Every structure is written in C-alpha cells, then in structure tokens.
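Enquirer: If you scroll down you'll find the structure; I have some questions about it.
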2 protein chains.
Amino acid sequence: MTVTIYDVAREANVSMATVSRVVNGNPNVKPSTRKKVLDVIERLEYRPNAVARGLASKKTTTVGVIIPDISNIFYAELARGIEDIATMYRYNIILSNSDQREDKELQLLDNMYGKQVDGIILMSDQVTGDLLKKMGHSPVPIVLAGSIDETNIIPSINIDYLQAAYEAVKRLIVNGHTRIAFVSGPFTATINQNYKYAGYKKALAEAGIAVDENLVVAAEDSYDSGIEDWSELNKLENAPTAFFAGSDELAIGIIHGAQDAGKKVPEDIEVISFENSKLARMVRPQLTSVVLPLYDIGAVSMRLLTKFMNKETVEKEIVILPHRIEERDSVK
Amino acid sequence: MTVTIYDVAREANVSMATVSRVVNGNPNVKPSTRKKVLDVIERLEYRPNAVARGLASKKTTTVGVIIPDISNIFYAELARGIEDIATMYRYNIILSNSDQREDKELQLLDNMYGKQVDGIILMSDQVTGDLLKKMGHSPVPIVLAGSIDETNIIPSINIDYLQAAYEAVKRLIVNGHTRIAFVSGPFTATINQNYKYAGYKKALAEAGIAVDENLVVAAEDSYDSGIEDWSELNKLENAPTAFFAGSDELAIGIIHGAQDAGKKVPEDIEVISFENSKLARMVRPQLTSVVLPLYDIGAVSMRLLTKFMNKETVEKEIVILPHRIEERDSVK
DNA sequence: CTGAAAGCGCTAACAC
DNA sequence: GTGTTAGCGCTTTCAG
C-alpha cells in the first residue's frame with residue numbers, strides 16, 4: 001500500500017540505488033534517467049521513509065531539545081531560536097519538558113539517545129554532576145543553551161551574566177541608592193547564585209556598600225513572588241529604595257506591589273530588570289532592563305550544534321554573546 | 001561499538017527474540033531468564049534503538065505537532081498541554097513552527113508523514129481547502145487543537161467561541177454601553193471572523209444595537225496594535241465606551257493606550273478580554289476576561305489522538321470544552 | 001553512470 | 001518458554 005523505493009525502481013526500470021541517488025541529489029545520475037525517476041516519484045507520490053533511511057544511514061536529521069518548561073515565555077523564546085536554525089539546516093526537533101527535575105533530565109537524555117537523535121540541546125538551571133556524567137557518555141554532540149556548566153566541559157552559549165548584573169546594579173548605585181535589594185529566582189539556579197548575585201556583590205563592594213543579607217531574597221521566579229517579595233522587603237525598618245530583579249515577572253511584581261501600596265516608580269523606588277522579554281514594554285512604567293538575547297542564544301546554540309554534527313572544527317566551544325541595558329522608565 | 005540486541009542475546013545465551021521480549025515486557029519469559037537478560041542489559045548498558053524498532057514495528061511512538069509560533073505564549077500553553085499528555089502515554093513530540101503560512105503547513109505535514117509519526121496535532125488559524133485535502137490523505141490520525149475546520153471532517157478540540165464572545169459582549173451591554181468596539185486579530189483567522197465577530201453581532205442585535213463598522217477593527221494581534229487601535233477608535237466623533245478585545249495583548253494595549261491618554265479604566269472605558277493568559281493578572285486594572293482553557297485544549301487533543309492511534313472507538317470527534325468569564329477589574 | 005547485494009537493529013510470525 | 005527466520009525501506013560499498 002505505501003509506496004517504497006522498490007516500487008519506484010521497478011516502475012522506472014532502474015535499480016533502487018539509482019532511485020536513492022536521485023532522491024538524495026547525488027550528481028552521478030544521467031539527466032534523462034533522473035527525470036524518468038522523478039516522474040515516477042511524482043506519479044506514485046513516493047515519499048522516502050525517514051525511519052528506514054535513519055536506520056541505514058545512522059543519521060536521523062533530528063535533534064533533541066530538553067527544556068525546563070515550554071510554556072514559560074523565557075524558554076519559549078530560546079526554543080524558537082533553536083527551531084528556526086534547525087529548520088534552516090533541515091533538522092527536526094524533538095521537544096521535551098524537564099520541569100527542571102534532574103531525574104527527568106537524566107531520563108530524557110537516555111530517551112533521546114535511544115531515539116538516535118543526531119545531537120542534543122539542553123537547557124537547565126543547574127548542570128549537576130550526574131547530568132555531566134551522563135552527557136559525558138553521550139553518543140552525540142550536546143550544547144547547552146543559556147545554561148552554565150561550571151566545569152567548562154560541555155559547549156555552551158551564554159552572556160556574561162556576572163558582568164551584566166554588575167552593570168545593572170551599578171546603574172542603580174549611580175542614581176544614589178545604597179539600599180539596593182536583589183530579588184531573585186531560586187539560588188538552586190547556578191546563574192542566580194553564582195553569577196547574578198556575584199555581580200550584585202561586586203558592584204556593591206566597589207561602591208563601598210556592605211551587603212545586607214536582608215535585602216537579598218531568592219524565592220520563586222514569578223509575578224506573585226515579586227509582589228510578595230516587595231511586601232516583605234518594604235516591612236524592613238530600613239527598606240530598600242531600589243531593586244535589582246532577576247526577571248521581568250519579578251520586576252513587574254515588585255512594581256505592582258509598590259504601586260498597589262501607593263508608591264510611585266521610579267520616583268519612590270527604582271527597579272531594573274534582567275531579561276527584557278516582550279513583557280518589559282507591557283507595564284507602566286516600562287522596564288529598564290538588561291537585555292538577555294534569548295532568541296539569539298537559542299539560534300547560536302543550534303548553529304554550533306550543526307557544526308559538531310558535521311564534524312566541522314569549531315574554534316570556540318564556550319561562547320559569550322554581548323549584552324546591553326535597555327533604558328526605559330523604571331529607572332530614572 | 002554500540003551494543004545491539006544481538007550482543008545482549010549472545011552474552012545471555014538466549015535468542016534475540018527473548019531479549020526483545022524482556023525489553024518489551026512480554027510476560028512469556030521465565031523469571032530466571034528474564035533476570036539473566038536484565039543483568040546483561042545493565043552490564044552492557046544496552047539501550048534499544050528506537051529507529052530500528054520503528055522500522056520493524058511500523059510505530060515510532062512520536063507524534064508531530066505543527067504550531068504557528070511556539071514563542072507566542074498562547075500557543076506555548078497549548079503545546080504544554082499536548083506534551084504533558086504525550087509524555088504520559090510515552091510519546092515524544094516533534095515540534096515545528098508554521099508561522100501560520102499555508103505553504104509551510106503543507107510542507108510540514110509531508111515532512112511529518114515522512115518521519116513516520118504515529119499521529120499529528122495541528123494548530124492553525126485557517127484550515128484551508130488545500131490543508132484539508134492533504135490531511136485527507138494522511139496515513140495517520142490528525143486532530144486540530146484550538147483550531148476550526150468548518151467542514152467538520154477533522155476531529156478537533158475547541159470551546160464555543162461564538163457563545164463566549166456573545167457572553168463577553170453582553171457583559172458590556174448589561175453595563176449600559178451601546179458604543180462597543182470589537183478589537184480583533186486578523187479576520188483571516190476563522191475564529192475571529194466567523195465566531196468572535198458573529199458572537200459580537202449576535203449580542204448587539206439582541207440588544208437592538210446596530211453594528212457600526214467603524215467600531216470593528218481587525219488588524220494585528222499584538223500589544224502595539226492594541227495601542228494603535230485604541231488611538232484610532234478614540235478619534236471617532238462618537239468614540240466607543242467599551243471594548244471587546246480578541247486577546248490579552250490587545251486588551252492590555254487598549255488599556256495602556258487609554259491610560260497614557262489620561263483615561264481611567266474601568267471608570268472611563270471598560271474592556272473585556274478573550275484569553276485569560278497569565279498576563280491578565282499582570283496589568284492594572286487586572287483583566288476581566290473570557291477564559292480560554294489553552295492547556296486543557298492541548299491536553300484533550302493529545303488524549304483524543306492517543307485514542308485514534310490505539311484504534312479505540314471514540315464517541316465524539318468534535319469536542320467543545322466549557323468556558324467561563326473571569327471577573328476582574330477592567331469591567332465594572 | 002548504474003546495478004547487485006549486504007546490511008542497519010529490531011519485531012513478529014511461526015515453529016518447537 | 002524460547003529460538004529461527006524473514007523482513008521493515010533505505011544507504012552504501014563494490015563492481016563494472
């Protein structure tokens with residue numbers, strides 16, 4: 001019922017090998033026989049079976065993508081960058097959510113290996129030892145997108161989070177603030193604890209401001225958490241006058257928390273964010289924010305992966321993309 | 001180098017068939033030999049090759065998902081529902097973006113067929129004749145998620161958009177409005193033109209209000225477009241006092257457009273949205289909105305697809321999920 | 001430029 | 001309970 005390469009060969013009076021050649025664009029085929037084969041292919045509506053091809057050639061032209069949560073706008077943007085470049089290079093993507101659970105990540109890696117993907121892109125807030133170990137045994141190349149492996153063994157694409165955080169906080173210090181809060185997502189995320197927080201401390205230290213542990217809160221990375229965090233922080237007898245938020249949702253939560261309590265932004269408090277998703281412009285005041293080039297990180301990751309899959313030589317396996325601060329209205 | 005079922009068979013002194021049986025949980029294996037095989041599998045770190053299995057069994061346990069744009073929060077939510085249920089039933093997902101272009105949708109369908117997916121979930125704002133035709137030739141079951149096929153031939157999961165729109169507009173009419181705008185995404189989307197707009201007209205008609213074409217604008221479905229649309233509408237000599245927005249972004253755009261011009265919501269104008277994404281709570285005032293159960297639509301779609309793939313008999317192929325209006329503060 | 005033939009790694013009858 | 005044996009549909013030497 002389904003038409004195979006054999007059917008085409010028979011109808012066109014050529015061998016399977018020849019059909020295979022025309023299907024794969026092999027130039028060693030006489031134009032006339034190529035045309036003959038193409039005609040039969042069209043007439044029979046022949047469509048190559050990618051599974052059979054994968055088994056024979058040991059290439060599936062699909063890559064596995066392990067992502068914490070595709071419904072999170074942050075990761076969705078990364079995923080789009082990945083998919084666009086994948087399409088450009090004719091790869092398909094198998095997408096799986098890990099919910100940031102190590103056991104699922106491990107299991108998904110095995111699953112991807114079993115599916116014989118040609119490469120893998122992993123996004124994870126915390127690249128643990130077990131993960132690293134399993135990736136070390138990977139039969140295919142892997143690259144981390146927007147995720148950090150502190151051992152520097154797995155190729156990855158990121159920005160300089162520490163420097164970016166440092167600049168963001170400095171932006172607040174320049175405005176005269178000394179009581180600056182750091183409202184972050186969980187410190188289980190390497191980037192939060194070892195990079196953004198480090199950048200925060202560096203900026204304060206440089207300005208001679210002591211770190212007040214009461215001003216750093218690392219809870220959930222969500223809008224509601226931002227509201228709560230503001231409320232807690234505002235109860236302090238020496239409440240912060242400026243906020244460095246780890247994400248747009250957190251920043252918006254802080255702003256709304258403050259506004260709902262009658263404060264004005266940026267007059268009474270200033271807040272700088274770290275993300276610059278489309279949400280950044282959808283609040284009043286609009287968010288001043290470090291811009292995290294999520295789409296680009298995804299795209300560059302996939303591009304790098306294609307190089308590995310083609311066994312091209314790559315110069316830099318750990319790439320740091322540029323960042324900048326988009327000035328809007330939540331900071332004076 | 002890679003260990004195959006044959007290696008395991010040899011090491012365990014059994015046949016490939018037996019190894020296959022234990023791998024696939026076939027009960028016809030003596031416990032002792034099962035254990036023996038399992039031990040070898042573990043020792044050799046054997047991992048079944050899904051591609052070979054797919055070729056032999058004609059099942060790939062993967063389903064294709066064609067989505068307009070995964071970076072759009074609306075579709076990302078749908079996708080999450082799909083993926084969760086897929087995982088539950090041990091299916092993997094091949095995800096591709098169509099950017100709502102018919103040519104890409106057509107090409108992606110062919111691509112999915114070629115990859116031998118066991119089923120397909122399609123999201124599309126406009127199910128054209130050509131699409132329908134290609135789906136009619138599909139070798140595998142297809143279900144539409146949050147997308148309408150007006151010929152009712154392809155199974156689909158939706159809510160009653162017309163009724164929901166009707167209720168939303170009625171909610172505004174009850175508050176005394178007679179100048180009610182309908183700010184929509186493009187009318188190329190079936191749901192916008194044939195359902196939401198129809199619901200809008202029905203509600204007006206029932207209240208004896210004539211439809212004023214100047215009050216219906218179907219441009220882009222985006223935040224910026226919402227701002228612009230408000231601005232245009234407000235220039236009318238008899239400007240609208242209430243707005244029925246086709247999406248949260250549009251609603252927020254309208255609200256910010258109005259607020260930036262000094263108007264108050266809901267005092268000066270009222271707006272009701274149609275989506276209820278997480279954004280709905282991230283504005284002031286928070287959006288009163290029809291709740292579109294995106295995650296559920298995705299989940300139910302995938303569940304339905306599993307039934308088709310298992311050749312179970314299904315009672316209803318066209319399912320309509322319930323909806324409701326979430327009352328918040330953008331409507332009095 | 002084209003064909004023959006040997007697999008790729010696994011499942012699925014069918015025997016025993 | 002377990003083994004034998006065909007394929008699944010295609011790519012890939014190797015000849016010629």
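Quick note on naming: the chains in the structure tokens go A, B, ... in the order shown, residues restart at 1 in each chain, and ligands are numbered from 1 in order of appearance.
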Env of range 30-46 of chain B: 10 Å cut, atoms = only C-alpha atoms (C1' of nucleotides), seq-sep filter 3 positions within chain, self excluded. Answer as a list in words.
Expert: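 Surrounding residues, per the criterion: Gly114 of chain A; Thr2, Val3, Thr4, Ile5, Asp7, Val8, Ala9, Arg10, Glu11, Ala12, Asn13, Val14, Thr18, Val19, Ser20, Arg21, Val22, Val23, Gly25, Pro27 and Asn49 of chain B; DG1 and DT2 of chain D.
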Enquirer: Could you tell me which residues of chain B sit within 7 Å of chain D when counting only C-alpha atoms (C1' of nucleotides), and give me the result as a list in words?
Expert: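 On the chain B side, the interface is Ser15, Thr18, Asn28, Val29, Lys30, Leu55 and Ala56 of chain B.
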Enquirer: Give the strand (DSSP E or B) residues of range 105-306 of chain A, as DSSP finds them on the backbone, and put them as a PyMOL selection string.
Expert: chain A and resi 119-122+142-145+156-159+180-184+216-218+242-245+270-275+288-291
Enquirer: Which chain B residues are at most 6 Å from chain C (counting only C-alpha atoms (C1' of nucleotides)), as a PyMOL selection string?
Expert: chain B and resi 52-53+56-57
Enquirer: Counting only C-alpha atoms, which residues from chain A have an atom at most 7 Å from any atom of chain B, and could you show them as a compact mmCIF listing (two decimals) with N, CA and C atoms, in the first residue's frame?
Expert:
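This is the output file selection36.txt:
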```
# COMPACT_ATOMS: atom_id res chain seq x y z
N ARG A 47 7.22 8.97 -1.10
CA ARG A 47 7.79 9.81 -0.05
C ARG A 47 8.76 8.94 0.75
N PRO A 48 10.03 9.29 0.75
CA PRO A 48 11.02 8.45 1.43
C PRO A 48 10.66 8.22 2.89
N ASN A 49 10.91 7.06 3.36
CA ASN A 49 10.66 6.70 4.76
C ASN A 49 11.89 7.09 5.57
N ALA A 50 11.71 8.13 6.38
CA ALA A 50 12.84 8.66 7.14
C ALA A 50 13.37 7.66 8.18
N VAL A 51 12.51 6.79 8.64
CA VAL A 51 12.94 5.83 9.65
C VAL A 51 13.89 4.80 9.02
N ALA A 52 13.50 4.30 7.87
CA ALA A 52 14.36 3.34 7.18
C ALA A 52 15.68 4.01 6.82
N GLY A 54 17.03 6.44 8.33
CA GLY A 54 17.79 6.64 9.56
C GLY A 54 18.52 5.38 9.98
N LEU A 55 17.86 4.27 9.82
CA LEU A 55 18.48 3.01 10.23
C LEU A 55 19.67 2.70 9.32
N ILE A 70 8.24 24.69 28.32
CA ILE A 70 7.98 25.42 27.09
C ILE A 70 6.90 26.48 27.25
N SER A 71 6.09 26.38 28.28
CA SER A 71 5.04 27.40 28.44
C SER A 71 5.59 28.64 29.14
N ILE A 73 7.61 31.80 28.89
CA ILE A 73 7.97 32.70 27.79
C ILE A 73 9.49 32.80 27.59
N ALA A 76 10.48 29.61 25.84
CA ALA A 76 9.82 29.52 24.55
C ALA A 76 10.59 30.34 23.51
N GLU A 77 11.11 31.46 23.97
CA GLU A 77 11.87 32.33 23.07
C GLU A 77 13.17 31.63 22.65
N ARG A 80 12.39 28.99 20.13
CA ARG A 80 12.12 29.48 18.79
C ARG A 80 13.42 29.71 18.02
N ASN A 92 14.82 18.31 12.31
CA ASN A 92 13.60 18.41 13.08
C ASN A 92 13.99 18.37 14.54
N ILE A 93 13.05 18.81 15.34
CA ILE A 93 13.31 18.90 16.77
C ILE A 93 12.37 18.00 17.57
N ILE A 94 12.93 17.24 18.49
CA ILE A 94 12.09 16.51 19.44
C ILE A 94 12.17 17.30 20.73
N LEU A 95 11.05 17.81 21.17
CA LEU A 95 11.00 18.73 22.29
C LEU A 95 10.44 18.06 23.53
N GLY A 114 18.24 6.94 22.77
CA GLY A 114 17.53 5.81 22.18
C GLY A 114 16.86 6.17 20.86
N LYS A 115 16.38 7.39 20.79
CA LYS A 115 15.72 7.82 19.56
C LYS A 115 16.73 8.12 18.45
N GLN A 116 17.98 8.00 18.78
CA GLN A 116 19.05 8.19 17.79
C GLN A 116 19.12 9.61 17.21
N VAL A 283 4.19 47.18 30.71
CA VAL A 283 3.90 47.67 32.06
C VAL A 283 4.09 49.17 32.05
```
Enquirer: Can you tell me, as a VMD selection string, what residues are no more than 8 Å from range 143-149 of chain B when counting only C-alpha atoms (C1' of nucleotides), ignoring any on the same chain fewer than 4 positions away?
Expert: chain B and resid 78 120 to 127 153 to 159 190 to 191 294 297 to 298 301 to 302 304 to 305
Enquirer: Let's have the selection written as a tab-separated table (two decimals), in the first residue's frame, with N, CA and C atoms.
Expert:
```tsv
chain	number	residue	atom	x	y	z
B	78	LEU	N	-0.75	25.84	24.88
B	78	LEU	CA	-1.36	24.70	24.21
B	78	LEU	C	-0.35	23.56	24.09
B	120	ILE	N	-0.69	13.24	14.40
B	120	ILE	CA	-0.33	14.65	14.24
B	120	ILE	C	-1.34	15.55	14.95
B	121	ILE	N	-0.81	16.59	15.57
B	121	ILE	CA	-1.70	17.61	16.13
B	121	ILE	C	-1.37	18.90	15.40
B	122	LEU	N	-2.41	19.50	14.87
B	122	LEU	CA	-2.22	20.72	14.09
B	122	LEU	C	-2.93	21.89	14.73
B	123	MET	N	-2.23	23.01	14.78
B	123	MET	CA	-2.86	24.25	15.22
B	123	MET	C	-2.76	25.21	14.04
B	124	SER	N	-3.89	25.74	13.64
B	124	SER	CA	-3.88	26.65	12.51
B	124	SER	C	-5.07	27.58	12.56
B	125	ASP	N	-4.82	28.85	12.32
B	125	ASP	CA	-5.90	29.83	12.39
B	125	ASP	C	-6.85	29.70	11.22
B	126	GLN	N	-6.36	29.03	10.18
B	126	GLN	CA	-7.18	28.95	8.98
B	126	GLN	C	-6.95	27.62	8.28
B	127	VAL	N	-7.90	26.74	8.43
B	127	VAL	CA	-7.78	25.42	7.83
B	127	VAL	C	-8.33	25.50	6.41
B	153	ILE	N	-14.78	17.78	9.30
B	153	ILE	CA	-14.30	16.46	8.92
B	153	ILE	C	-13.11	16.01	9.74
B	154	ILE	N	-12.28	16.97	10.16
B	154	ILE	CA	-11.14	16.61	11.00
B	154	ILE	C	-11.52	16.80	12.48
B	155	PRO	N	-11.20	15.82	13.31
B	155	PRO	CA	-11.51	15.92	14.74
B	155	PRO	C	-10.85	17.18	15.34
B	156	SER	N	-11.49	17.78	16.30
B	156	SER	CA	-10.92	19.00	16.87
B	156	SER	C	-11.41	19.25	18.29
B	157	ILE	N	-10.62	20.05	18.99
B	157	ILE	CA	-10.97	20.44	20.36
B	157	ILE	C	-11.03	21.96	20.41
B	158	ASN	N	-12.14	22.48	20.86
B	158	ASN	CA	-12.30	23.93	20.96
B	158	ASN	C	-13.27	24.26	22.08
B	159	ILE	N	-13.53	25.57	22.24
B	159	ILE	CA	-14.64	25.96	23.10
B	159	ILE	C	-15.67	26.56	22.13
B	190	THR	N	-10.20	32.17	11.08
B	190	THR	CA	-11.59	31.74	11.11
B	190	THR	C	-12.30	32.09	12.41
B	191	ILE	N	-11.63	31.81	13.51
B	191	ILE	CA	-12.25	32.05	14.81
B	191	ILE	C	-12.60	33.52	15.00
B	294	LEU	N	-6.50	26.95	27.35
B	294	LEU	CA	-5.49	26.52	26.38
B	294	LEU	C	-4.82	25.20	26.75
B	297	ILE	N	-7.16	22.39	26.26
B	297	ILE	CA	-7.42	22.10	24.86
B	297	ILE	C	-6.28	21.24	24.30
B	298	GLY	N	-5.06	21.61	24.66
B	298	GLY	CA	-3.90	20.84	24.21
B	298	GLY	C	-3.94	19.42	24.76
B	301	SER	N	-6.70	17.32	23.27
B	301	SER	CA	-6.36	16.99	21.89
B	301	SER	C	-5.44	15.78	21.83
B	302	MET	N	-4.43	15.83	22.67
B	302	MET	CA	-3.46	14.73	22.66
B	302	MET	C	-4.12	13.45	23.15
B	304	LEU	N	-7.19	12.63	22.83
B	304	LEU	CA	-8.03	12.13	21.74
B	304	LEU	C	-7.17	11.44	20.69
B	305	LEU	N	-6.04	12.05	20.41
B	305	LEU	CA	-5.14	11.47	19.41
B	305	LEU	C	-4.67	10.07	19.84
```
Enquirer: Measure the distance from CA of Lys170 in chain A to CA of Glu220 in chain A in Å and round it to one decimal.
Expert: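 Computing the Euclidean distance for CA of Lys170 in chain A and CA of Glu220 in chain A yields 24.3 Å.
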Enquirer: Please give the complete set of residues from range 91-317 of chain B that DSSP, run on the backbone, assigns to alpha helix (DSSP H), formatted as a ChimeraX atom specification.
Expert: /B:102-114,129-136,161-174,190,197-206,223-235,248-260,294-309
